[in-house]
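Asker: What follows is run-v8.cif; its format and atoms are mmCIF, C-alpha atoms and all ligand atoms.
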data_my_file
#
loop_
_atom_site.label_atom_id
_atom_site.label_comp_id
_atom_site.auth_asym_id
_atom_site.auth_seq_id
_atom_site.Cartn_x
_atom_site.Cartn_y
_atom_site.Cartn_z
CA MET A 121 -4.99 11.08 26.50
CA ALA A 122 -2.97 13.79 28.19
CA PHE A 123 -0.33 15.37 26.05
CA ILE A 124 2.98 16.18 27.58
CA PHE A 125 3.91 19.75 28.31
CA THR A 126 7.14 21.01 29.71
CA ALA A 127 7.26 24.15 31.79
CA GLY A 128 10.25 26.08 30.52
CA LEU A 129 12.37 27.04 33.46
CA THR A 130 15.47 27.47 31.36
CA ASN A 131 16.95 30.14 33.63
CA ALA A 132 17.46 27.47 36.25
CA GLY A 133 18.45 24.89 33.65
CA LEU A 134 15.48 22.83 34.75
CA GLN A 135 12.91 21.48 32.34
CA GLN A 136 9.81 20.07 33.90
CA MET A 137 7.05 18.25 32.12
CA THR A 138 3.72 18.99 33.71
CA GLU A 139 0.22 17.78 33.11
CA ALA A 140 -1.95 19.57 30.55
CA ASP A 141 -5.14 18.85 28.71
CA GLU A 142 -4.84 20.49 25.34
CA GLU A 143 -4.30 18.59 22.14
CA VAL A 144 -2.02 20.07 19.51
CA ILE A 145 -1.76 18.96 15.94
CA SER A 146 1.36 19.57 13.94
CA PHE A 147 1.08 20.62 10.32
CA LYS A 148 3.31 20.33 7.31
CA PHE A 149 3.65 21.49 3.74
CA SER A 150 2.51 18.95 1.21
CA PRO A 151 4.01 18.04 -2.18
CA SER A 152 1.59 20.40 -3.94
CA ASP A 153 2.94 23.44 -2.01
CA LYS A 154 5.75 25.43 -3.61
CA GLU A 155 7.63 25.45 -0.26
CA TYR A 156 7.72 21.65 -0.18
CA ILE A 157 11.13 19.97 -0.07
CA PRO A 158 11.22 16.27 -0.99
CA PRO A 159 12.77 14.14 1.78
CA SER A 160 15.10 12.55 -0.77
CA VAL A 161 17.24 15.71 -0.98
CA LEU A 162 18.66 15.09 2.49
CA ILE A 163 20.83 12.07 3.14
CA THR A 164 21.40 11.07 6.75
CA GLU A 165 22.89 8.12 8.57
CA THR A 166 20.84 5.75 10.70
CA LEU A 167 20.17 6.96 14.24
CA ILE A 168 20.24 4.24 16.88
CA VAL A 169 18.26 4.44 20.12
CA LYS A 170 20.66 3.38 22.84
CA PRO A 171 19.66 2.92 26.48
CA MET A 172 22.70 3.81 28.61
CA GLN A 173 21.58 3.79 32.23
CA VAL A 174 18.02 2.87 33.03
CA THR A 175 17.14 2.70 36.71
CA GLY A 176 14.01 2.24 38.81
CA PHE A 177 12.01 0.31 36.20
CA ASP A 178 10.47 -3.03 37.12
CA GLN A 179 10.09 -5.78 34.53
CA ASN A 180 6.77 -4.62 33.08
CA SER A 181 7.84 -0.99 33.00
CA ARG A 182 11.05 -1.95 31.29
CA LYS A 183 9.06 -3.89 28.72
CA LYS A 184 6.95 -0.83 27.94
CA LEU A 185 10.07 1.30 27.79
CA ASP A 186 11.70 -1.13 25.36
CA SER A 187 8.61 -0.98 23.14
CA ALA A 188 8.91 2.82 23.20
CA PHE A 189 12.60 2.63 22.25
CA GLU A 190 11.75 0.30 19.39
CA VAL A 191 8.98 2.43 17.93
CA LEU A 192 11.02 5.61 18.42
CA GLU A 193 13.93 4.17 16.44
CA GLU A 194 11.60 3.06 13.68
CA ILE A 195 10.05 6.53 13.50
CA VAL A 196 13.18 8.67 13.48
CA ASN A 197 14.71 6.63 10.67
CA SER A 198 11.65 6.79 8.45
CA ASP A 199 11.10 8.97 5.39
CA MET A 200 7.81 10.08 6.86
CA PHE A 201 9.54 11.52 9.91
CA LYS A 202 12.05 13.30 7.67
CA ASP A 203 9.20 14.66 5.55
CA ARG A 204 7.28 15.91 8.56
CA VAL A 205 10.27 17.60 10.18
CA ILE A 206 11.74 19.30 7.11
CA ASN A 207 8.31 20.35 5.85
CA PHE A 208 7.05 21.40 9.27
CA LYS A 209 4.68 24.35 9.12
CA ASN A 210 4.20 26.40 12.29
CA SER A 211 0.90 27.76 13.57
CA LYS A 212 1.48 30.99 11.59
CA GLY A 213 1.86 29.01 8.39
CA GLU A 214 5.61 29.60 8.22
CA ARG A 215 8.23 27.05 7.33
CA LYS A 216 10.11 27.20 10.63
CA PHE A 217 10.19 26.04 14.23
CA ALA A 218 9.99 28.44 17.17
CA SER A 219 13.12 28.77 19.34
CA ASN A 220 15.04 27.29 16.42
CA LYS A 221 18.43 28.83 17.31
CA GLY A 222 18.61 30.30 13.81
CA LEU A 223 18.38 26.90 12.13
CA THR A 224 16.16 25.93 9.21
CA ASN A 225 13.92 22.87 9.37
CA GLU A 226 16.45 20.91 7.33
CA GLU A 227 19.31 21.91 9.63
CA ILE A 228 17.27 20.92 12.67
CA TYR A 229 16.52 17.54 11.11
CA GLN A 230 20.21 17.02 10.38
CA LYS A 231 21.23 18.06 13.89
CA PHE A 232 18.68 15.64 15.31
CA MET A 233 19.94 12.77 13.14
CA GLU A 234 23.57 13.48 14.11
CA GLY A 235 22.73 12.33 17.63
CA ARG A 236 25.27 14.50 19.40
CA GLU A 237 24.01 15.39 22.86
CA THR A 238 25.39 18.66 24.23
CA LEU A 239 27.02 16.77 27.10
CA GLN A 240 28.04 13.76 25.02
CA GLN A 241 29.38 14.93 21.67
CA ASN A 242 31.47 11.84 20.94
CA THR A 243 28.66 9.38 20.22
CA PRO A 244 27.23 10.45 16.87
CA GLY A 245 24.47 8.32 15.42
CA GLU A 246 23.06 7.47 18.85
CA MET A 247 20.17 8.74 20.91
CA ASN A 248 21.65 8.01 24.31
CA PHE A 249 19.14 7.62 27.11
CA PHE A 250 19.88 7.93 30.81
CA LEU A 251 16.54 7.39 32.54
CA LYS A 252 15.42 7.25 36.11
CA LEU A 253 11.92 6.35 37.25
CA TYR A 254 10.76 7.95 40.48
CA ASN A 255 7.44 8.02 42.29
CA ARG A 256 5.84 11.26 43.45
CA PRO A 257 2.08 10.55 43.57
CA TRP A 258 1.02 14.07 44.63
CA SER A 259 3.02 15.90 41.99
CA ARG A 260 1.71 17.14 38.64
CA VAL A 261 5.20 16.88 37.21
CA ILE A 262 5.47 14.12 34.60
CA GLY A 263 9.23 14.28 34.63
CA TYR A 264 12.18 16.60 34.62
CA THR A 265 15.74 17.06 33.52
CA THR A 266 18.42 19.68 34.08
CA GLY A 267 21.04 21.21 31.83
CA ASP A 268 24.03 19.74 33.65
CA THR A 269 23.18 16.07 33.17
CA ASN A 270 21.85 13.69 30.55
CA VAL A 271 19.59 12.01 33.10
CA ILE A 272 15.87 12.28 32.42
CA ASN A 273 13.66 11.65 35.47
CA ILE A 274 10.22 10.20 34.86
CA ASN A 275 7.36 10.16 37.38
CA TRP A 276 5.81 6.71 37.80
CA LYS A 277 2.45 8.33 38.52
CA TYR A 278 2.17 9.15 34.81
CA PHE A 279 4.40 6.51 33.31
CA LYS A 280 2.27 3.68 34.68
CA ASN A 281 -0.70 4.74 32.52
CA TYR A 282 1.27 5.59 29.40
CA LYS A 283 1.17 3.60 26.20
CA PRO A 284 4.51 2.97 24.45
CA GLY A 285 3.67 5.76 21.97
CA ASP A 286 3.22 8.26 24.79
CA VAL A 287 6.55 7.20 26.24
CA ALA A 288 8.24 7.51 22.83
CA SER A 289 6.90 11.05 22.42
CA ASN A 290 7.99 11.97 25.92
CA LEU A 291 11.49 10.57 25.31
CA ALA A 292 11.80 12.46 22.01
CA HIS A 293 10.79 15.75 23.66
CA GLU A 294 13.26 15.37 26.49
CA TRP A 295 16.09 14.13 24.28
CA ILE A 296 15.68 17.19 22.07
CA HIS A 297 16.49 19.28 25.15
CA LYS A 298 19.66 17.21 25.43
CA ILE A 299 20.73 18.26 21.92
CA GLY A 300 20.27 21.91 22.86
CA PHE A 301 16.74 22.99 21.94
CA ASP A 302 14.38 24.60 24.44
CA HIS A 303 11.03 26.32 24.56
CA VAL A 304 10.22 29.65 26.17
CA SER A 305 7.06 28.30 27.78
CA ALA A 306 4.92 25.20 28.05
CA LYS A 307 2.70 26.72 25.39
CA GLU A 308 5.34 27.13 22.74
CA TYR A 309 3.88 24.34 20.63
CA ASP A 310 5.96 25.31 17.58
CA SER A 311 9.22 24.81 19.47
CA VAL A 312 11.47 21.93 18.43
CA PRO A 313 10.84 19.77 21.54
CA TYR A 314 7.08 20.14 21.39
CA ALA A 315 6.58 20.02 17.64
CA ILE A 316 8.78 16.98 17.10
CA GLY A 317 7.31 15.39 20.23
CA TYR A 318 3.86 15.68 18.61
CA ILE A 319 5.14 14.24 15.34
CA VAL A 320 6.52 11.23 17.22
CA GLN A 321 3.27 10.84 19.15
CA ASP A 322 1.21 10.97 16.01
CA MET A 323 3.39 8.53 14.10
CA ALA A 324 3.70 6.16 17.07
CA ASP A 325 -0.07 6.00 17.49
CA MET A 326 -0.42 5.30 13.79
CA LEU A 327 2.32 2.67 13.68
CA LEU A 328 1.20 0.86 16.79
CA LYS A 329 -2.34 0.75 15.53
CA GLN A 330 -1.38 -0.39 12.03
CA ASN A 331 1.26 -2.96 12.83
CA GLN A 332 0.09 -3.94 16.27
CA LEU A 333 3.78 -4.37 16.89
CA HIS A 334 3.54 -4.03 20.62
ZN ZN A 401 10.45 20.57 27.50
#
Please render this file's structure as structure tokens.
Answerer:
Amino acid sequence: MAFIFTAGLTNAGLQQMTEADEEVISFKFSPSDKEYIPPSVLITETLIVKPMQVTGFDQNSRKKLDSAFEVLEEIVNSDMFKDRVINFKNSKGERKFASNKGLTNEEIYQKFMEGRETLQQNTPGEMNFFLKLYNRPWSRVIGYTTGDTNVININWKYFKNYKPGDVASNLAHEWIHKIGFDHVSAKEYDSVPYAIGYIVQDMADMLLKQNQLH
């Protein structure tokens, strides 16, 4: 499958996801490592996935989107997700994300679970999604969003072939931009949007295979 990469055009406040063909695996410290932090040390509230405005989706697309919402909510509230985010190990073997705004892994996890979008601070505990499906068959852009709105635009050209797990990963990546994390380039795999996007992808694939929920 094609993983999702976002070209970082942060100077214009525009984040585009474009096609790419490289697979990236995210690593973590394990309980036998001295850097390991048990997930039980951090207590967080439940984070709800909440569709706000969803436009342009037909019935089947909406069904796939709803499956993605469901698996995403299951993932972000799991101990495994907590474990993988707080014990994230970057490609240099360090216990930190790239472009982390000075935050530790634990602080990033907590900020994520608070659910306060930069433009919508007053709805803690919710991942609020404003989504718009558009069709641009000749474009290599999977989707885009800008800094002045919570709306995430998704290109039907790619969405139509996505599995719910791909959609969940895509949504996680884009929503992380909405809580204030960016990447300096589309190759900054250790950045918060990419690294957590891969974690969601990985867990979604595993869950959907195991449970055959969707
Ligand atoms: Zn991005």
Asker: Report as an mmCIF file with C-alpha atoms, keeping the file's coordinate frame all protein, DNA and RNA residues lying within 8 Å of Gly285 of chain A, evaluated on all atoms listed in the file, omitting residues in the same chain fewer than 4 positions from it.
Answerer:
data_model
loop_
_atom_site.group_PDB
_atom_site.id
_atom_site.type_symbol
_atom_site.label_atom_id
_atom_site.label_comp_id
_atom_site.auth_asym_id
_atom_site.auth_seq_id
_atom_site.Cartn_x
_atom_site.Cartn_y
_atom_site.Cartn_z
ATOM 1 C CA ALA A 188 8.910 2.820 23.200
ATOM 2 C CA VAL A 191 8.980 2.430 17.930
ATOM 3 C CA SER A 289 6.900 11.050 22.420
ATOM 4 C CA VAL A 320 6.520 11.230 17.220
ATOM 5 C CA GLN A 321 3.270 10.840 19.150
ATOM 6 C CA ALA A 324 3.700 6.160 17.070
ATOM 7 C CA ASP A 325 -0.070 6.000 17.490
ATOM 8 C CA LEU A 328 1.200 0.860 16.790
#
Asker: To test the calculation: enclose all listed atoms of segment 303-311 of chain A in a box whose edges run along x, y and z, add 8 Å on each side, then state centre and edge lengths in Å to one decimal, as JSON.
Answerer:
{"center_x": 6.9, "center_y": 27.0, "center_z": 22.8, "size_x": 24.3, "size_y": 21.3, "size_z": 26.5}
Asker: Using all atoms listed in the file, which protein or nucleic acid residues come within 8 Å of segment 247-261 of chain A? Drop anything in the same chain fewer than 3 positions from it, and give the result as a PyMOL selection string.
Answerer: chain A and resi 136-139+167-177+235-237+264+270-277+295
Asker: Grab the residues selected above and save them as an mmCIF file, keeping the file's coordinate frame with C-alpha atoms.
Answerer:
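File produced: part11.cif:
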data_model
loop_
_atom_site.group_PDB
_atom_site.id
_atom_site.type_symbol
_atom_site.label_atom_id
_atom_site.label_comp_id
_atom_site.auth_asym_id
_atom_site.auth_seq_id
_atom_site.Cartn_x
_atom_site.Cartn_y
_atom_site.Cartn_z
ATOM 1 C CA GLN A 136 9.810 20.070 33.900
ATOM 2 C CA MET A 137 7.050 18.250 32.120
ATOM 3 C CA THR A 138 3.720 18.990 33.710
ATOM 4 C CA GLU A 139 0.220 17.780 33.110
ATOM 5 C CA LEU A 167 20.170 6.960 14.240
ATOM 6 C CA ILE A 168 20.240 4.240 16.880
ATOM 7 C CA VAL A 169 18.260 4.440 20.120
ATOM 8 C CA LYS A 170 20.660 3.380 22.840
ATOM 9 C CA PRO A 171 19.660 2.920 26.480
ATOM 10 C CA MET A 172 22.700 3.810 28.610
ATOM 11 C CA GLN A 173 21.580 3.790 32.230
ATOM 12 C CA VAL A 174 18.020 2.870 33.030
ATOM 13 C CA THR A 175 17.140 2.700 36.710
ATOM 14 C CA GLY A 176 14.010 2.240 38.810
ATOM 15 C CA PHE A 177 12.010 0.310 36.200
ATOM 16 C CA GLY A 235 22.730 12.330 17.630
ATOM 17 C CA ARG A 236 25.270 14.500 19.400
ATOM 18 C CA GLU A 237 24.010 15.390 22.860
ATOM 19 C CA TYR A 264 12.180 16.600 34.620
ATOM 20 C CA ASN A 270 21.850 13.690 30.550
ATOM 21 C CA VAL A 271 19.590 12.010 33.100
ATOM 22 C CA ILE A 272 15.870 12.280 32.420
ATOM 23 C CA ASN A 273 13.660 11.650 35.470
ATOM 24 C CA ILE A 274 10.220 10.200 34.860
ATOM 25 C CA ASN A 275 7.360 10.160 37.380
ATOM 26 C CA TRP A 276 5.810 6.710 37.800
ATOM 27 C CA LYS A 277 2.450 8.330 38.520
ATOM 28 C CA TRP A 295 16.090 14.130 24.280
#
Asker: Atom CA of Gly300 of chain A and atom ZN of ligand ZN 401 (chain A), how far apart in Å?
Answerer: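 Atom ZN of ligand ZN 401 (chain A) sits 10.9 Å away from atom CA of Gly300 of chain A.
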Asker: Which protein, DNA or RNA residues have an atom at most 10 Å from (4.9, 17.7, 2.5), counting all atoms listed in the file? List them as a list in words.
Answerer: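 Neighbouring residues, ordered by chain and number, come to Phe147, Lys148, Phe149, Ser150, Pro151, Ser152, Asp153, Lys154, Glu155, Tyr156, Ile157, Pro158, Pro159, Met200, Lys202, Asp203, Arg204, Val205, Ile206, Asn207, Phe208 and Lys209 of chain A.
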Asker: Could you please take those selected residues and save C-alpha atoms as a PDB file, in the coordinates of the input?
Answerer:
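What landed in result28.pdb:
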ATOM      1  CA  PHE A 147       1.080  20.620  10.320  1.00  0.00           C
ATOM      2  CA  LYS A 148       3.310  20.330   7.310  1.00  0.00           C
ATOM      3  CA  PHE A 149       3.650  21.490   3.740  1.00  0.00           C
ATOM      4  CA  SER A 150       2.510  18.950   1.210  1.00  0.00           C
ATOM      5  CA  PRO A 151       4.010  18.040  -2.180  1.00  0.00           C
ATOM      6  CA  SER A 152       1.590  20.400  -3.940  1.00  0.00           C
ATOM      7  CA  ASP A 153       2.940  23.440  -2.010  1.00  0.00           C
ATOM      8  CA  LYS A 154       5.750  25.430  -3.610  1.00  0.00           C
ATOM      9  CA  GLU A 155       7.630  25.450  -0.260  1.00  0.00           C
ATOM     10  CA  TYR A 156       7.720  21.650  -0.180  1.00  0.00           C
ATOM     11  CA  ILE A 157      11.130  19.970  -0.070  1.00  0.00           C
ATOM     12  CA  PRO A 158      11.220  16.270  -0.990  1.00  0.00           C
ATOM     13  CA  PRO A 159      12.770  14.140   1.780  1.00  0.00           C
ATOM     14  CA  MET A 200       7.810  10.080   6.860  1.00  0.00           C
ATOM     15  CA  LYS A 202      12.050  13.300   7.670  1.00  0.00           C
ATOM     16  CA  ASP A 203       9.200  14.660   5.550  1.00  0.00           C
ATOM     17  CA  ARG A 204       7.280  15.910   8.560  1.00  0.00           C
ATOM     18  CA  VAL A 205      10.270  17.600  10.180  1.00  0.00           C
ATOM     19  CA  ILE A 206      11.740  19.300   7.110  1.00  0.00           C
ATOM     20  CA  ASN A 207       8.310  20.350   5.850  1.00  0.00           C
ATOM     21  CA  PHE A 208       7.050  21.400   9.270  1.00  0.00           C
ATOM     22  CA  LYS A 209       4.680  24.350   9.120  1.00  0.00           C
TER      23      LYS A 209
END
Asker: Counting all atoms listed in the file, which residue out of A:Leu239, A:Ile316, A:Met326, A:Ala306 sits closest to ligand ZN 401 (chain A)?
Answerer: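 Closest to ligand ZN 401 (chain A), using all atoms listed in the file: A:Ala306.
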Asker: In Å, with one decimal, what is the gap from atom CA of Thr269 of chain A to atom CA of Pro284 of chain A?
Answerer: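 Interatomic distance, atom CA of Thr269 of chain A to atom CA of Pro284 of chain A: 24.4 Å.
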Asker: Please determine, counting only C-alpha atoms and all ligand atoms, which residue among A:Lys329, A:Lys183, A:His293, A:Lys298 has the shortest atom-to-atom distance to ligand ZN 401 (chain A).
Answerer: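 Of A:Lys329, A:Lys183, A:His293, A:Lys298, the one nearest ligand ZN 401 (chain A) is A:His293, counting only C-alpha atoms and all ligand atoms.
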Asker: In Å to one decimal, how far is atom CA of Leu291 of chain A from atom CA of Val161 of chain A?
Answerer: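 Rounded to one decimal, the two atoms are 27.4 Å apart.
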